[in-house]
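The file start_36.txt contains compact mmCIF, C-alpha atoms:
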```txt
# COMPACT_ATOMS: atom_id res chain seq x y z
CA MET A 1442 5.63 -9.52 -59.53
CA ALA A 1443 7.05 -11.68 -56.81
CA ILE A 1444 9.66 -10.26 -54.54
CA GLN A 1445 13.06 -11.74 -54.97
CA GLU A 1446 15.61 -12.03 -52.25
CA LYS A 1447 17.86 -9.59 -54.08
CA ASP A 1448 15.01 -7.07 -54.06
CA MET A 1449 14.94 -7.27 -50.29
CA GLU A 1450 18.70 -6.74 -50.14
CA LEU A 1451 18.34 -3.74 -52.39
CA LEU A 1452 15.56 -2.48 -50.18
CA GLU A 1453 17.81 -2.62 -47.12
CA ARG A 1454 20.64 -0.90 -48.95
CA TYR A 1455 18.19 1.71 -50.20
CA LEU A 1456 17.05 2.37 -46.65
CA GLU A 1457 20.58 2.94 -45.42
CA ASP A 1458 21.36 5.08 -48.41
CA GLY A 1459 23.84 2.53 -49.64
CA LEU A 1460 22.94 2.65 -53.37
CA ASN A 1461 24.77 4.82 -55.86
CA ALA A 1462 22.80 7.32 -57.94
CA ASP A 1463 22.01 4.94 -60.84
CA GLU A 1464 21.05 2.04 -58.57
CA LYS A 1465 18.82 4.35 -56.60
CA LYS A 1466 16.98 5.53 -59.75
CA VAL A 1467 16.39 1.96 -60.88
CA PHE A 1468 15.12 0.88 -57.50
CA GLU A 1469 12.72 3.79 -57.26
CA VAL A 1470 11.25 2.88 -60.63
CA GLN A 1471 10.75 -0.66 -59.34
CA LEU A 1472 9.02 0.69 -56.27
CA ALA A 1473 6.61 2.59 -58.48
CA ILE A 1474 5.65 -0.35 -60.69
CA ASN A 1475 5.99 -3.34 -58.35
CA ALA A 1476 3.02 -3.28 -55.96
CA GLU A 1477 4.37 -6.06 -53.79
CA LEU A 1478 7.76 -4.41 -53.44
CA LYS A 1479 6.04 -1.15 -52.59
CA ALA A 1480 3.93 -2.88 -49.93
CA GLU A 1481 7.04 -4.53 -48.49
CA TYR A 1482 8.80 -1.17 -48.45
CA GLN A 1483 5.86 0.50 -46.67
CA ASN A 1484 5.60 -2.34 -44.14
CA ARG A 1485 9.29 -2.02 -43.42
CA ILE A 1486 8.96 1.73 -42.82
CA TYR A 1487 5.84 1.24 -40.67
CA LEU A 1488 7.46 -1.51 -38.61
CA ARG A 1489 10.46 0.71 -37.91
CA LYS A 1490 8.16 3.52 -36.81
CA LEU A 1491 6.24 1.16 -34.52
CA TRP A 1492 9.49 -0.22 -33.10
CA LEU A 1493 10.79 3.25 -32.24
CA ASP A 1494 7.44 4.54 -30.94
CA SER A 1495 7.01 1.46 -28.75
CA LEU A 1496 10.17 2.54 -26.94
CA GLU A 1497 8.65 5.94 -26.26
CA TYR A 1498 5.42 4.19 -25.13
CA GLU A 1499 7.33 2.00 -22.69
CA GLU A 1500 9.28 4.91 -21.24
CA THR A 1501 6.21 7.13 -20.89
CA LYS A 1502 4.22 4.37 -19.23
CA ALA A 1503 7.09 3.66 -16.83
CA THR A 1504 7.25 7.36 -15.86
CA ILE A 1505 3.51 7.46 -15.25
CA LYS A 1506 3.52 4.20 -13.31
CA SER A 1507 6.41 5.39 -11.12
CA ALA A 1508 4.62 8.66 -10.31
CA ILE A 1509 1.31 6.93 -9.54
CA THR A 1510 2.89 4.13 -7.52
CA GLN A 1511 4.72 6.71 -5.43
CA GLN A 1512 1.40 8.43 -4.73
CA THR A 1513 -0.35 5.17 -3.88
CA LYS A 1514 2.51 4.09 -1.56
CA SER A 1515 2.56 7.53 0.10
CA SER A 1516 -1.17 7.42 0.65
CA LYS A 1517 -1.06 3.94 2.12
CA THR A 1518 1.97 4.78 4.28
CA ARG A 1519 0.22 7.93 5.47
CA GLN A 1520 -2.95 5.99 6.33
CA LEU A 1521 -0.91 3.40 8.20
CA TRP A 1522 0.91 6.07 10.21
CA ILE A 1523 -2.37 7.75 11.10
CA ALA A 1524 -3.82 4.44 12.29
CA VAL A 1525 -0.69 3.63 14.32
CA SER A 1526 -0.69 7.14 15.86
CA ILE A 1527 -4.33 6.85 16.89
CA ALA A 1528 -3.77 3.41 18.39
CA ALA A 1529 -0.66 4.60 20.26
CA SER A 1530 -2.54 7.64 21.60
CA ILE A 1531 -5.36 5.46 22.89
CA ILE A 1532 -2.91 3.10 24.57
CA ILE A 1533 -1.04 6.00 26.18
CA LEU A 1534 -4.26 7.60 27.41
CA LEU A 1535 -5.48 4.30 28.88
CA GLY A 1536 -2.10 3.82 30.51
CA ILE A 1537 -2.23 7.27 32.08
CA TYR A 1538 -5.76 6.66 33.32
CA PHE A 1539 -4.96 3.34 35.00
CA LEU A 1540 -1.65 4.58 36.37
CA ASN A 1541 -3.40 7.56 37.88
CA ASN A 1542 -5.98 5.32 39.54
CA HIS A 1543 -3.29 3.02 40.94
CA ASN A 1544 -1.23 5.93 42.32
CA GLN A 1545 -4.32 7.38 43.96
CA SER A 1546 -4.97 4.04 45.70
CA ILE A 1547 -1.41 3.77 46.94
CA LYS A 1548 -1.52 7.32 48.28
CA GLU A 1549 -4.66 6.52 50.27
CA ILE A 1550 -3.08 3.39 51.76
CA GLU A 1551 0.10 5.24 52.70
CA SER A 1552 -1.94 8.00 54.26
CA GLN A 1553 -3.96 5.49 56.27
CA LYS A 1554 -0.83 3.67 57.45
CA GLN A 1555 0.88 6.91 58.44
CA TYR A 1556 -2.19 7.94 60.43
CA SER A 1557 -2.28 4.57 62.17
CA LYS A 1558 1.41 4.74 63.09
CA GLU A 1559 1.21 8.25 64.43
CA ASN A 1560 -1.91 7.69 66.46
CA GLN A 1561 -1.69 4.11 67.76
CA GLY A 1562 2.01 3.16 67.77
CA PHE A 1563 1.22 -0.19 66.17
CA GLN A 1564 3.79 -2.42 64.66
CA ASP A 1565 3.51 -2.97 60.93
CA VAL A 1566 2.26 -6.43 60.17
CA GLN A 1567 2.84 -8.15 56.86
CA GLU A 1568 -0.56 -8.70 55.44
CA ASP A 1569 -1.74 -10.90 52.61
CA GLN A 1570 -4.68 -8.89 51.36
CA PRO A 1571 -4.03 -6.52 48.50
CA PRO A 1572 -4.04 -3.01 49.97
CA SER A 1573 -6.20 -1.56 47.23
CA TYR A 1574 -9.27 -3.49 48.38
CA ALA A 1575 -9.41 -1.86 51.79
CA ALA A 1576 -7.78 1.41 50.72
CA ILE A 1577 -10.54 2.24 48.27
CA ASP A 1578 -13.05 2.13 51.11
CA SER A 1579 -10.73 3.46 53.77
CA LEU A 1580 -13.10 6.22 54.61
CA SER A 1581 -15.96 3.86 55.49
CA ILE A 1582 -16.76 3.76 59.20
CA VAL A 1583 -15.90 0.43 60.84
CA LYS A 1584 -16.77 0.07 64.49
CA LEU A 1585 -15.53 -2.75 66.71
CA ILE A 1586 -18.36 -4.06 68.82
CA GLU A 1587 -17.10 -7.14 70.70
CA PRO A 1588 -14.84 -8.02 72.49
CA VAL A 1589 -13.81 -4.55 73.65
CA ASP A 1590 -12.94 -2.80 76.87
CA GLN A 1591 -11.02 -5.68 78.48
CA GLN A 1592 -13.93 -8.06 78.09
CA LYS A 1593 -13.21 -11.36 79.84
CA ILE A 1594 -13.72 -14.60 77.98
CA LYS A 1595 -13.48 -18.12 79.37
CA ASP A 1596 -10.96 -20.37 77.67
CA ASP A 1597 -13.32 -23.35 77.37
CA SER A 1598 -15.78 -21.68 75.01
CA ASP A 1599 -15.95 -20.13 71.58
CA PHE A 1600 -16.04 -16.42 71.31
CA VAL A 1601 -17.03 -14.02 68.62
CA PHE A 1602 -15.53 -10.96 67.10
CA LYS A 1603 -18.19 -8.50 66.13
CA TRP A 1604 -17.99 -5.28 64.21
CA SER A 1605 -20.24 -3.04 62.19
CA SER A 1606 -19.55 -1.70 58.73
CA LYS A 1607 -21.52 -0.59 55.65
CA SER A 1608 -18.78 -1.83 53.37
CA SER A 1609 -18.61 -5.24 51.70
CA LEU A 1610 -14.91 -5.13 50.97
CA LEU A 1611 -12.31 -7.65 52.09
CA ASP A 1612 -10.30 -6.93 55.21
CA THR A 1613 -8.05 -8.69 57.74
CA LEU A 1614 -8.81 -9.33 61.40
CA SER A 1615 -5.60 -9.44 63.45
CA VAL A 1616 -5.17 -10.47 67.10
CA TYR A 1617 -2.10 -9.40 69.09
CA GLU A 1618 -0.76 -10.16 72.56
CA THR A 1619 -0.98 -7.00 74.60
CA ARG A 1620 2.28 -7.49 76.54
CA ASN A 1621 4.54 -7.52 73.51
CA ASP A 1622 2.31 -6.68 70.49
CA SER A 1623 3.16 -9.96 68.86
CA LEU A 1624 0.76 -11.11 66.19
CA ARG A 1625 -1.12 -14.25 67.22
CA LEU A 1626 -3.88 -14.62 64.72
CA GLN A 1627 -4.86 -13.29 61.31
CA ILE A 1628 -8.14 -14.03 59.65
CA PRO A 1629 -9.24 -12.73 56.23
CA ILE A 1630 -12.80 -11.43 56.53
CA GLN A 1631 -15.40 -9.58 54.53
CA LEU A 1632 -16.59 -6.45 56.31
CA SER A 1633 -20.20 -7.18 55.49
CA ASP A 1634 -20.00 -10.44 57.52
CA SER A 1635 -19.89 -8.45 60.78
CA ILE A 1636 -19.03 -11.49 62.87
CA VAL A 1637 -16.50 -14.31 63.04
CA ASN A 1638 -16.30 -17.19 65.58
CA ILE A 1639 -13.13 -18.71 66.92
CA PRO A 1640 -12.52 -21.19 69.78
CA ALA A 1641 -10.78 -19.52 72.74
CA SER A 1642 -8.32 -22.44 72.84
CA ARG A 1643 -6.75 -21.10 69.61
CA LEU A 1644 -5.17 -18.34 71.65
CA GLY A 1645 -4.62 -19.52 75.18
CA ASN A 1646 -4.92 -17.48 78.40
CA GLY A 1647 -3.68 -13.95 78.28
CA ASN A 1648 -4.34 -10.34 77.45
CA TYR A 1649 -5.05 -9.55 73.82
CA TYR A 1650 -6.32 -6.89 71.55
CA TRP A 1651 -7.79 -7.18 68.09
CA LYS A 1652 -8.13 -4.78 65.18
CA LEU A 1653 -9.28 -4.51 61.60
CA LYS A 1654 -7.03 -3.03 58.94
CA THR A 1655 -9.59 -0.47 57.94
CA SER A 1656 -10.21 0.75 61.45
CA ASN A 1657 -8.20 2.81 63.91
CA GLU A 1658 -9.86 1.11 66.83
CA LYS A 1659 -8.60 -1.82 68.83
CA GLY A 1660 -10.68 -4.11 71.01
CA GLU A 1661 -9.04 -5.37 74.18
CA PHE A 1662 -9.99 -8.65 75.84
CA ILE A 1663 -8.73 -11.21 78.31
CA ILE A 1664 -8.92 -14.98 78.02
CA TYR A 1665 -8.86 -16.74 81.34
CA MET B 1227 -5.93 19.96 -9.43
CA VAL B 1228 -9.40 19.65 -10.91
CA GLN B 1229 -9.66 21.35 -14.28
CA LYS B 1230 -11.89 24.33 -14.04
CA THR B 1231 -10.39 26.94 -16.31
CA ASN B 1232 -8.36 27.27 -19.48
CA GLU B 1233 -5.43 28.26 -17.28
CA ASP B 1234 -5.70 24.88 -15.51
CA GLN B 1235 -5.70 23.13 -18.87
CA PHE B 1236 -2.66 25.12 -19.95
CA GLN B 1237 -0.78 24.20 -16.75
CA LEU B 1238 -1.77 20.58 -17.24
CA ILE B 1239 -0.52 20.44 -20.83
CA ARG B 1240 2.69 22.15 -19.88
CA GLY B 1241 3.25 19.68 -17.04
CA ILE B 1242 2.60 16.75 -19.38
CA ASN B 1243 5.10 18.04 -21.91
CA GLN B 1244 7.66 18.34 -19.13
CA ASN B 1245 6.94 14.82 -17.82
CA ASP B 1246 6.19 16.36 -14.43
CA PRO B 1247 5.38 13.51 -11.97
CA LYS B 1248 3.29 15.90 -9.84
CA ILE B 1249 1.00 16.49 -12.82
CA PHE B 1250 0.65 12.74 -13.41
CA ARG B 1251 -0.20 12.25 -9.72
CA ALA B 1252 -2.75 15.05 -9.88
CA ILE B 1253 -4.32 13.51 -13.00
CA TYR B 1254 -4.49 10.15 -11.21
CA LYS B 1255 -6.04 11.70 -8.12
CA ASP B 1256 -8.68 13.59 -10.12
CA ASN B 1257 -9.59 10.91 -12.65
CA PHE B 1258 -8.84 7.38 -11.48
CA ARG B 1259 -11.97 6.84 -9.42
CA LYS B 1260 -14.29 7.82 -12.26
CA ILE B 1261 -12.43 5.58 -14.72
CA ALA B 1262 -12.35 2.69 -12.24
CA ASN B 1263 -16.13 2.98 -11.87
CA MET B 1264 -16.48 2.89 -15.64
CA VAL B 1265 -14.33 -0.26 -15.82
CA LEU B 1266 -16.55 -1.92 -13.21
CA ASN B 1267 -19.52 -1.48 -15.51
CA PHE B 1268 -18.01 -4.01 -17.93
CA HIS B 1269 -19.29 -7.29 -16.55
CA ASN B 1270 -17.98 -10.79 -17.13
CA VAL B 1271 -14.64 -9.64 -18.50
CA ASN B 1272 -11.22 -9.52 -16.93
CA LEU B 1273 -10.29 -5.83 -16.86
CA ASP B 1274 -7.79 -4.21 -14.52
CA ALA B 1275 -8.62 -0.57 -13.79
CA GLU B 1276 -5.04 0.38 -12.92
CA ASP B 1277 -3.68 -1.11 -16.18
CA ILE B 1278 -6.37 0.55 -18.24
CA PHE B 1279 -5.78 3.90 -16.56
CA GLN B 1280 -2.03 3.69 -17.12
CA ASP B 1281 -2.42 2.65 -20.77
CA GLY B 1282 -5.01 5.36 -21.34
CA LEU B 1283 -2.93 8.06 -19.73
CA THR B 1284 0.16 6.93 -21.67
CA GLN B 1285 -1.71 7.29 -24.94
CA ALA B 1286 -3.14 10.64 -23.92
CA VAL B 1287 0.28 11.94 -22.90
CA ILE B 1288 1.90 10.84 -26.17
CA ASN B 1289 -0.90 12.49 -28.14
CA VAL B 1290 -0.45 15.70 -26.19
CA LYS B 1291 3.29 15.66 -26.95
CA ASN B 1292 2.87 15.00 -30.66
CA GLY B 1293 0.12 17.59 -31.02
CA LYS B 1294 -2.73 15.17 -31.71
CA PHE B 1295 -4.69 16.39 -28.68
CA LYS B 1296 -6.03 19.68 -29.96
CA GLY B 1297 -7.62 20.89 -26.71
CA ASP B 1298 -11.18 20.95 -28.08
CA SER B 1299 -12.30 19.16 -24.92
CA LEU B 1300 -11.05 18.97 -21.37
CA PHE B 1301 -8.09 16.67 -20.92
CA SER B 1302 -10.06 14.64 -18.35
CA THR B 1303 -12.84 14.06 -20.90
CA TYR B 1304 -10.25 13.07 -23.50
CA LEU B 1305 -8.59 10.66 -21.08
CA PHE B 1306 -11.92 9.13 -20.12
CA GLY B 1307 -12.74 8.60 -23.81
CA ILE B 1308 -9.43 6.83 -24.44
CA CYS B 1309 -9.87 4.55 -21.41
CA ARG B 1310 -13.42 3.75 -22.42
CA ASN B 1311 -12.27 2.77 -25.91
CA ILE B 1312 -9.55 0.55 -24.43
CA CYS B 1313 -12.22 -1.18 -22.32
CA LEU B 1314 -14.51 -1.60 -25.33
CA LYS B 1315 -11.73 -3.11 -27.45
CA GLU B 1316 -10.63 -5.45 -24.68
CA TYR B 1317 -14.23 -6.44 -24.04
CA ASN B 1318 -14.75 -7.22 -27.74
CA LYS B 1319 -11.46 -9.13 -27.87
CA GLN B 1320 -12.38 -11.30 -24.89
CA LYS B 1321 -15.81 -11.94 -26.35
CA GLY B 1322 -14.24 -12.85 -29.71
CA ILE B 1323 -15.67 -9.87 -31.57
CA TYR B 1324 -13.28 -8.08 -33.93
CA ASN B 1325 -13.15 -5.15 -36.31
CA ILE B 1326 -15.97 -3.17 -34.80
CA PRO B 1327 -15.09 0.50 -35.26
CA ILE B 1328 -15.17 2.53 -32.10
CA GLN B 1329 -15.23 6.25 -32.52
CA ASP B 1330 -15.49 9.01 -30.02
CA LYS B 1331 -17.66 11.86 -31.17
CA GLU B 1332 -16.14 14.67 -29.14
CA GLU B 1333 -12.57 14.46 -30.24
CA GLU B 1334 -11.16 11.93 -32.60
CA ILE B 1335 -9.21 9.33 -30.71
CA ASP B 1336 -6.96 7.49 -33.10
CA ASP B 1337 -6.01 4.60 -30.91
CA ASP B 1338 -5.61 1.90 -33.56
CA TYR B 1339 -1.97 2.91 -33.86
CA PHE B 1340 -1.51 2.27 -30.14
CA ASP B 1341 -2.98 -1.19 -30.59
CA ASP B 1342 -0.18 -1.88 -33.09
CA ILE B 1343 2.40 -0.47 -30.67
CA LYS B 1344 1.18 -2.81 -27.93
CA ILE B 1345 1.43 -5.73 -30.36
CA VAL B 1346 5.02 -4.81 -31.21
CA LEU B 1347 5.82 -4.62 -27.49
CA GLU B 1348 4.45 -8.13 -27.07
CA LEU B 1349 6.43 -9.36 -30.11
CA LYS B 1350 9.65 -7.84 -28.78
CA ASN B 1351 9.34 -10.10 -25.76
CA LYS B 1352 9.10 -13.12 -28.06
CA LEU B 1353 12.31 -12.36 -29.93
CA GLN B 1354 15.69 -13.55 -28.75
CA ALA B 1355 17.87 -10.92 -27.11
CA GLU B 1356 20.36 -10.93 -29.98
CA CYS B 1357 17.61 -10.33 -32.56
CA LYS B 1358 16.18 -7.55 -30.47
CA LYS B 1359 19.63 -5.99 -30.22
CA ILE B 1360 20.39 -6.04 -33.93
CA ILE B 1361 16.95 -4.71 -34.85
CA ASP B 1362 17.40 -1.96 -32.24
CA LEU B 1363 20.74 -1.01 -33.79
CA ARG B 1364 19.49 -1.18 -37.38
CA PHE B 1365 16.47 0.99 -36.58
CA GLY B 1366 18.73 3.53 -34.95
CA ILE B 1367 18.07 2.98 -31.24
CA GLY B 1368 21.15 3.78 -29.26
CA SER B 1369 22.73 5.81 -32.04
CA LEU B 1370 23.25 9.55 -31.94
CA GLU B 1371 21.03 10.04 -34.96
CA MET B 1372 18.05 8.05 -33.70
CA ASN B 1373 14.84 8.51 -35.66
CA LYS B 1374 16.72 10.15 -38.51
CA GLU B 1375 18.24 7.31 -40.40
CA GLU B 1376 18.91 3.62 -40.25
CA LEU B 1377 22.28 2.52 -38.99
CA ARG B 1378 24.53 1.07 -41.68
CA PHE B 1379 25.58 -2.54 -41.42
CA ASP B 1380 29.28 -1.75 -41.25
CA VAL B 1381 28.61 0.43 -38.18
CA ILE B 1382 26.40 -2.29 -36.68
CA ALA B 1383 29.13 -4.84 -37.35
CA GLU B 1384 31.64 -2.71 -35.49
CA LYS B 1385 29.32 -2.36 -32.50
CA MET B 1386 28.62 -6.10 -32.39
CA ASN B 1387 32.17 -7.11 -33.20
CA ILE B 1388 31.21 -9.12 -36.26
CA LEU B 1389 31.71 -8.81 -40.03
CA PRO B 1390 29.32 -6.55 -42.01
CA ASP B 1391 28.02 -9.45 -44.09
CA ASN B 1392 27.30 -11.39 -40.89
CA ALA B 1393 25.45 -8.37 -39.53
CA ARG B 1394 23.39 -8.15 -42.71
CA GLN B 1395 22.50 -11.85 -42.63
CA LYS B 1396 21.68 -11.79 -38.94
CA PHE B 1397 19.39 -8.81 -39.43
CA LYS B 1398 17.70 -10.49 -42.38
CA ARG B 1399 16.98 -13.58 -40.29
CA CYS B 1400 15.70 -11.57 -37.34
CA MET B 1401 13.46 -9.40 -39.50
CA SER B 1402 12.05 -12.49 -41.14
CA LYS B 1403 11.18 -13.89 -37.70
CA LEU B 1404 9.64 -10.62 -36.68
CA LEU B 1405 7.52 -10.40 -39.82
CA ASP B 1406 6.33 -13.98 -39.33
CA LEU B 1407 5.23 -13.08 -35.81
CA VAL B 1408 3.55 -9.93 -37.05
CA LYS B 1409 1.59 -11.85 -39.68
CA GLN B 1410 0.32 -14.27 -37.00
CA THR B 1411 -1.39 -11.38 -35.21
CA ARG B 1412 -4.71 -10.50 -36.66
CA LEU B 1413 -4.90 -6.88 -35.66
CA MET B 1414 -2.05 -5.18 -37.56
CA LYS B 1415 -4.04 -3.87 -40.49
CA ASN B 1416 -1.15 -2.79 -42.70
CA PHE B 1417 0.42 -6.26 -43.02
```
Translate this file's structure into structure tokens.
Amino acid sequence: MAIQEKDMELLERYLEDGLNADEKKVFEVQLAINAELKAEYQNRIYLRKLWLDSLEYEETKATIKSAITQQTKSSKTRQLWIAVSIAASIIILLGIYFLNNHNQSIKEIESQKQYSKENQGFQDVQEDQPPSYAAIDSLSIVKLIEPVDQQKIKDDSDFVFKWSSKSSLLDTLSVYETRNDSLRLQIPIQLSDSIVNIPASRLGNGNYYWKLKTSNEKGEFIIY
Amino acid sequence: MVQKTNEDQFQLIRGINQNDPKIFRAIYKDNFRKIANMVLNFHNVNLDAEDIFQDGLTQAVINVKNGKFKGDSLFSTYLFGICRNICLKEYNKQKGIYNIPIQDKEEEIDDDYFDDIKIVLELKNKLQAECKKIIDLRFGIGSLEMNKEELRFDVIAEKMNILPDNARQKFKRCMSKLLDLVKQTRLMKNF
């Protein structure tokens, strides 16, 4: 038997318990004998069950997803923090290492300068070379060879500054007038060179002394 | 919390029934990797391990709550079986193979019903908001007596601020649309 529209209306009223006792009896007889109506009734019941259970499915899945996502986020956040902490620790350790090295160099330079001041009474001269180069090797022995001991040099010739050193670091050769300690000449040198030539006319006649930054010695000479 | 004893299983089931998020996280931690590896074994198909795990766990949790999981096997074994069946069904679907029965031998996993639930979820998204609302009300969602009886049309009418006859007609139209959509799907066996 085909399902009529009124059968469907009755079905809905039956489901909401909207039929009186007689109507209900009649409808239940129809359900028993009309296979199509029965199928429609069962589909309607099944669909309602699915509709309600799908709500529970959605809510359960959302709860699970929220719990898992929280775990995944926490894990990733934790891993990120660990990586950042390790990187920061490495940077800090490197910083401490280099800072320590730099401070050590400065201390050696200061110590050298203080020693020079106390023992020779020299004026401080502004120098261009970075102190760390000479300061690292400040303990190397540098000996001035020539000109020393009031050596006399004619003003029409070149003359040489000679020294001996085992170091190959950079240094500065400075020449001062003896009478007033004024700086007359500064030449950047490498200690391993051991010798540098200059024309005597660069300085003019007078009494001079020369020194190297890394040495306590001074070599005195006269240009005439 | 790897299951080693009956006590562990008991704690697990209790946590599931209480919707304890710590239990769900523990289940994820103990089982996801194994299930993800299983998913990887399905080649040339588009399967997402996270989705499959979440669907599988959802089904397992619902079955625990409604008493369908009898505890004959470990929960982790049960969960793995469900996820494997989901993969098999999805694999068959993507390959165009239908109606091949998949049965787990250890503990019966009746997941055909969940297939129908997922279809209804998809169909809900295809309905207009107003249809979804009236069907929700008629089926009892949002009423104090949910799951016990259908909501009468005069009550629905009051909630929607329309006449009872209008509510009845609207519901009739929406149900007709829903049934048409249902009949277009090939996997709902009862229709």
Which residues of chain A come within 12 Å of chain B, and for each one, what is the closest pair of atoms and their distance in Å to one decimal, counting only C-alpha atoms, sorted by chain and residue number, as CSV?
```
residue,atom,partner,partner_atom,distance
A:Glu1446,CA,B:Lys1398,CA,10.2
A:Lys1447,CA,B:Lys1398,CA,11.7
A:Met1449,CA,B:Lys1398,CA,9.0
A:Glu1450,CA,B:Lys1398,CA,8.7
A:Leu1451,CA,B:Arg1394,CA,11.8
A:Leu1452,CA,B:Lys1398,CA,11.4
A:Glu1453,CA,B:Arg1394,CA,9.0
A:Arg1454,CA,B:Arg1378,CA,8.5
A:Tyr1455,CA,B:Glu1376,CA,10.2
A:Leu1456,CA,B:Glu1376,CA,6.8
A:Glu1457,CA,B:Glu1376,CA,5.5
A:Asp1458,CA,B:Arg1378,CA,8.5
A:Gly1459,CA,B:Arg1378,CA,8.1
A:Leu1460,CA,B:Arg1378,CA,11.9
A:Glu1477,CA,B:Phe1417,CA,11.5
A:Ala1480,CA,B:Phe1417,CA,8.5
A:Glu1481,CA,B:Phe1417,CA,8.8
A:Tyr1482,CA,B:Phe1417,CA,11.2
A:Gln1483,CA,B:Asn1416,CA,8.7
A:Asn1484,CA,B:Phe1417,CA,6.6
A:Arg1485,CA,B:Leu1405,CA,9.3
A:Ile1486,CA,B:Phe1365,CA,9.8
A:Tyr1487,CA,B:Asn1416,CA,8.3
A:Leu1488,CA,B:Val1346,CA,8.5
A:Arg1489,CA,B:Phe1365,CA,6.2
A:Lys1490,CA,B:Asn1373,CA,8.4
A:Leu1491,CA,B:Ile1343,CA,5.7
A:Trp1492,CA,B:Val1346,CA,6.7
A:Leu1493,CA,B:Ile1367,CA,7.4
A:Asp1494,CA,B:Ile1343,CA,7.1
A:Ser1495,CA,B:Ile1343,CA,5.4
A:Leu1496,CA,B:Leu1347,CA,8.4
A:Glu1497,CA,B:Ile1288,CA,8.3
A:Tyr1498,CA,B:Thr1284,CA,6.9
A:Glu1499,CA,B:Leu1347,CA,8.3
A:Glu1500,CA,B:Thr1284,CA,9.4
A:Thr1501,CA,B:Thr1284,CA,6.1
A:Lys1502,CA,B:Thr1284,CA,5.4
A:Ala1503,CA,B:Thr1284,CA,9.1
A:Thr1504,CA,B:Pro1247,CA,7.5
A:Ile1505,CA,B:Phe1250,CA,6.3
A:Lys1506,CA,B:Gln1280,CA,6.8
A:Ser1507,CA,B:Pro1247,CA,8.2
A:Ala1508,CA,B:Pro1247,CA,5.2
A:Ile1509,CA,B:Arg1251,CA,5.5
A:Thr1510,CA,B:Arg1251,CA,9.0
A:Gln1511,CA,B:Arg1251,CA,8.6
A:Gln1512,CA,B:Arg1251,CA,6.5
A:Thr1513,CA,B:Arg1251,CA,9.2
A:Lys1514,CA,B:Arg1251,CA,11.9
A:Ser1515,CA,B:Arg1251,CA,11.2
A:Ser1516,CA,B:Lys1255,CA,10.9
```
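Distance annotation: of B:Met1264, B:Ala1393, B:Lys1291, B:Leu1238, the residue with the minimal separation from Ile1312 (chain B) is B:Met1264; atom set is all atoms listed in the file.
Straight-line separation from CA of Ser1302 (chain B) to CA of Lys1321 (chain B): 28.3 Å.
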Contact residues around Lys1652 (chain A) with only C-alpha atoms at 12 Å, ignoring same-chain residues under 4 positions, as a PDB file with C-alpha atoms, keeping the file's coordinate frame:
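Result went into out38.pdb, see below:
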```
ATOM      1  CA  SER A1557      -2.280   4.570  62.170  1.00  0.00           C
ATOM      2  CA  GLN A1561      -1.690   4.110  67.760  1.00  0.00           C
ATOM      3  CA  PHE A1563       1.220  -0.190  66.170  1.00  0.00           C
ATOM      4  CA  VAL A1566       2.260  -6.430  60.170  1.00  0.00           C
ATOM      5  CA  VAL A1583     -15.900   0.430  60.840  1.00  0.00           C
ATOM      6  CA  LYS A1584     -16.770   0.070  64.490  1.00  0.00           C
ATOM      7  CA  LEU A1585     -15.530  -2.750  66.710  1.00  0.00           C
ATOM      8  CA  ILE A1586     -18.360  -4.060  68.820  1.00  0.00           C
ATOM      9  CA  GLU A1587     -17.100  -7.140  70.700  1.00  0.00           C
ATOM     10  CA  PRO A1588     -14.840  -8.020  72.490  1.00  0.00           C
ATOM     11  CA  VAL A1589     -13.810  -4.550  73.650  1.00  0.00           C
ATOM     12  CA  PHE A1602     -15.530 -10.960  67.100  1.00  0.00           C
ATOM     13  CA  LYS A1603     -18.190  -8.500  66.130  1.00  0.00           C
ATOM     14  CA  TRP A1604     -17.990  -5.280  64.210  1.00  0.00           C
ATOM     15  CA  ASP A1612     -10.300  -6.930  55.210  1.00  0.00           C
ATOM     16  CA  THR A1613      -8.050  -8.690  57.740  1.00  0.00           C
ATOM     17  CA  LEU A1614      -8.810  -9.330  61.400  1.00  0.00           C
ATOM     18  CA  SER A1615      -5.600  -9.440  63.450  1.00  0.00           C
ATOM     19  CA  VAL A1616      -5.170 -10.470  67.100  1.00  0.00           C
ATOM     20  CA  TYR A1617      -2.100  -9.400  69.090  1.00  0.00           C
ATOM     21  CA  GLU A1618      -0.760 -10.160  72.560  1.00  0.00           C
ATOM     22  CA  ASP A1622       2.310  -6.680  70.490  1.00  0.00           C
ATOM     23  CA  LEU A1624       0.760 -11.110  66.190  1.00  0.00           C
ATOM     24  CA  ARG A1625      -1.120 -14.250  67.220  1.00  0.00           C
ATOM     25  CA  LEU A1626      -3.880 -14.620  64.720  1.00  0.00           C
ATOM     26  CA  GLN A1627      -4.860 -13.290  61.310  1.00  0.00           C
ATOM     27  CA  ILE A1628      -8.140 -14.030  59.650  1.00  0.00           C
ATOM     28  CA  ILE A1630     -12.800 -11.430  56.530  1.00  0.00           C
ATOM     29  CA  SER A1656     -10.210   0.750  61.450  1.00  0.00           C
ATOM     30  CA  ASN A1657      -8.200   2.810  63.910  1.00  0.00           C
ATOM     31  CA  GLU A1658      -9.860   1.110  66.830  1.00  0.00           C
ATOM     32  CA  LYS A1659      -8.600  -1.820  68.830  1.00  0.00           C
ATOM     33  CA  GLY A1660     -10.680  -4.110  71.010  1.00  0.00           C
ATOM     34  CA  GLU A1661      -9.040  -5.370  74.180  1.00  0.00           C
ATOM     35  CA  PHE A1662      -9.990  -8.650  75.840  1.00  0.00           C
TER      36      PHE A1662
END
```
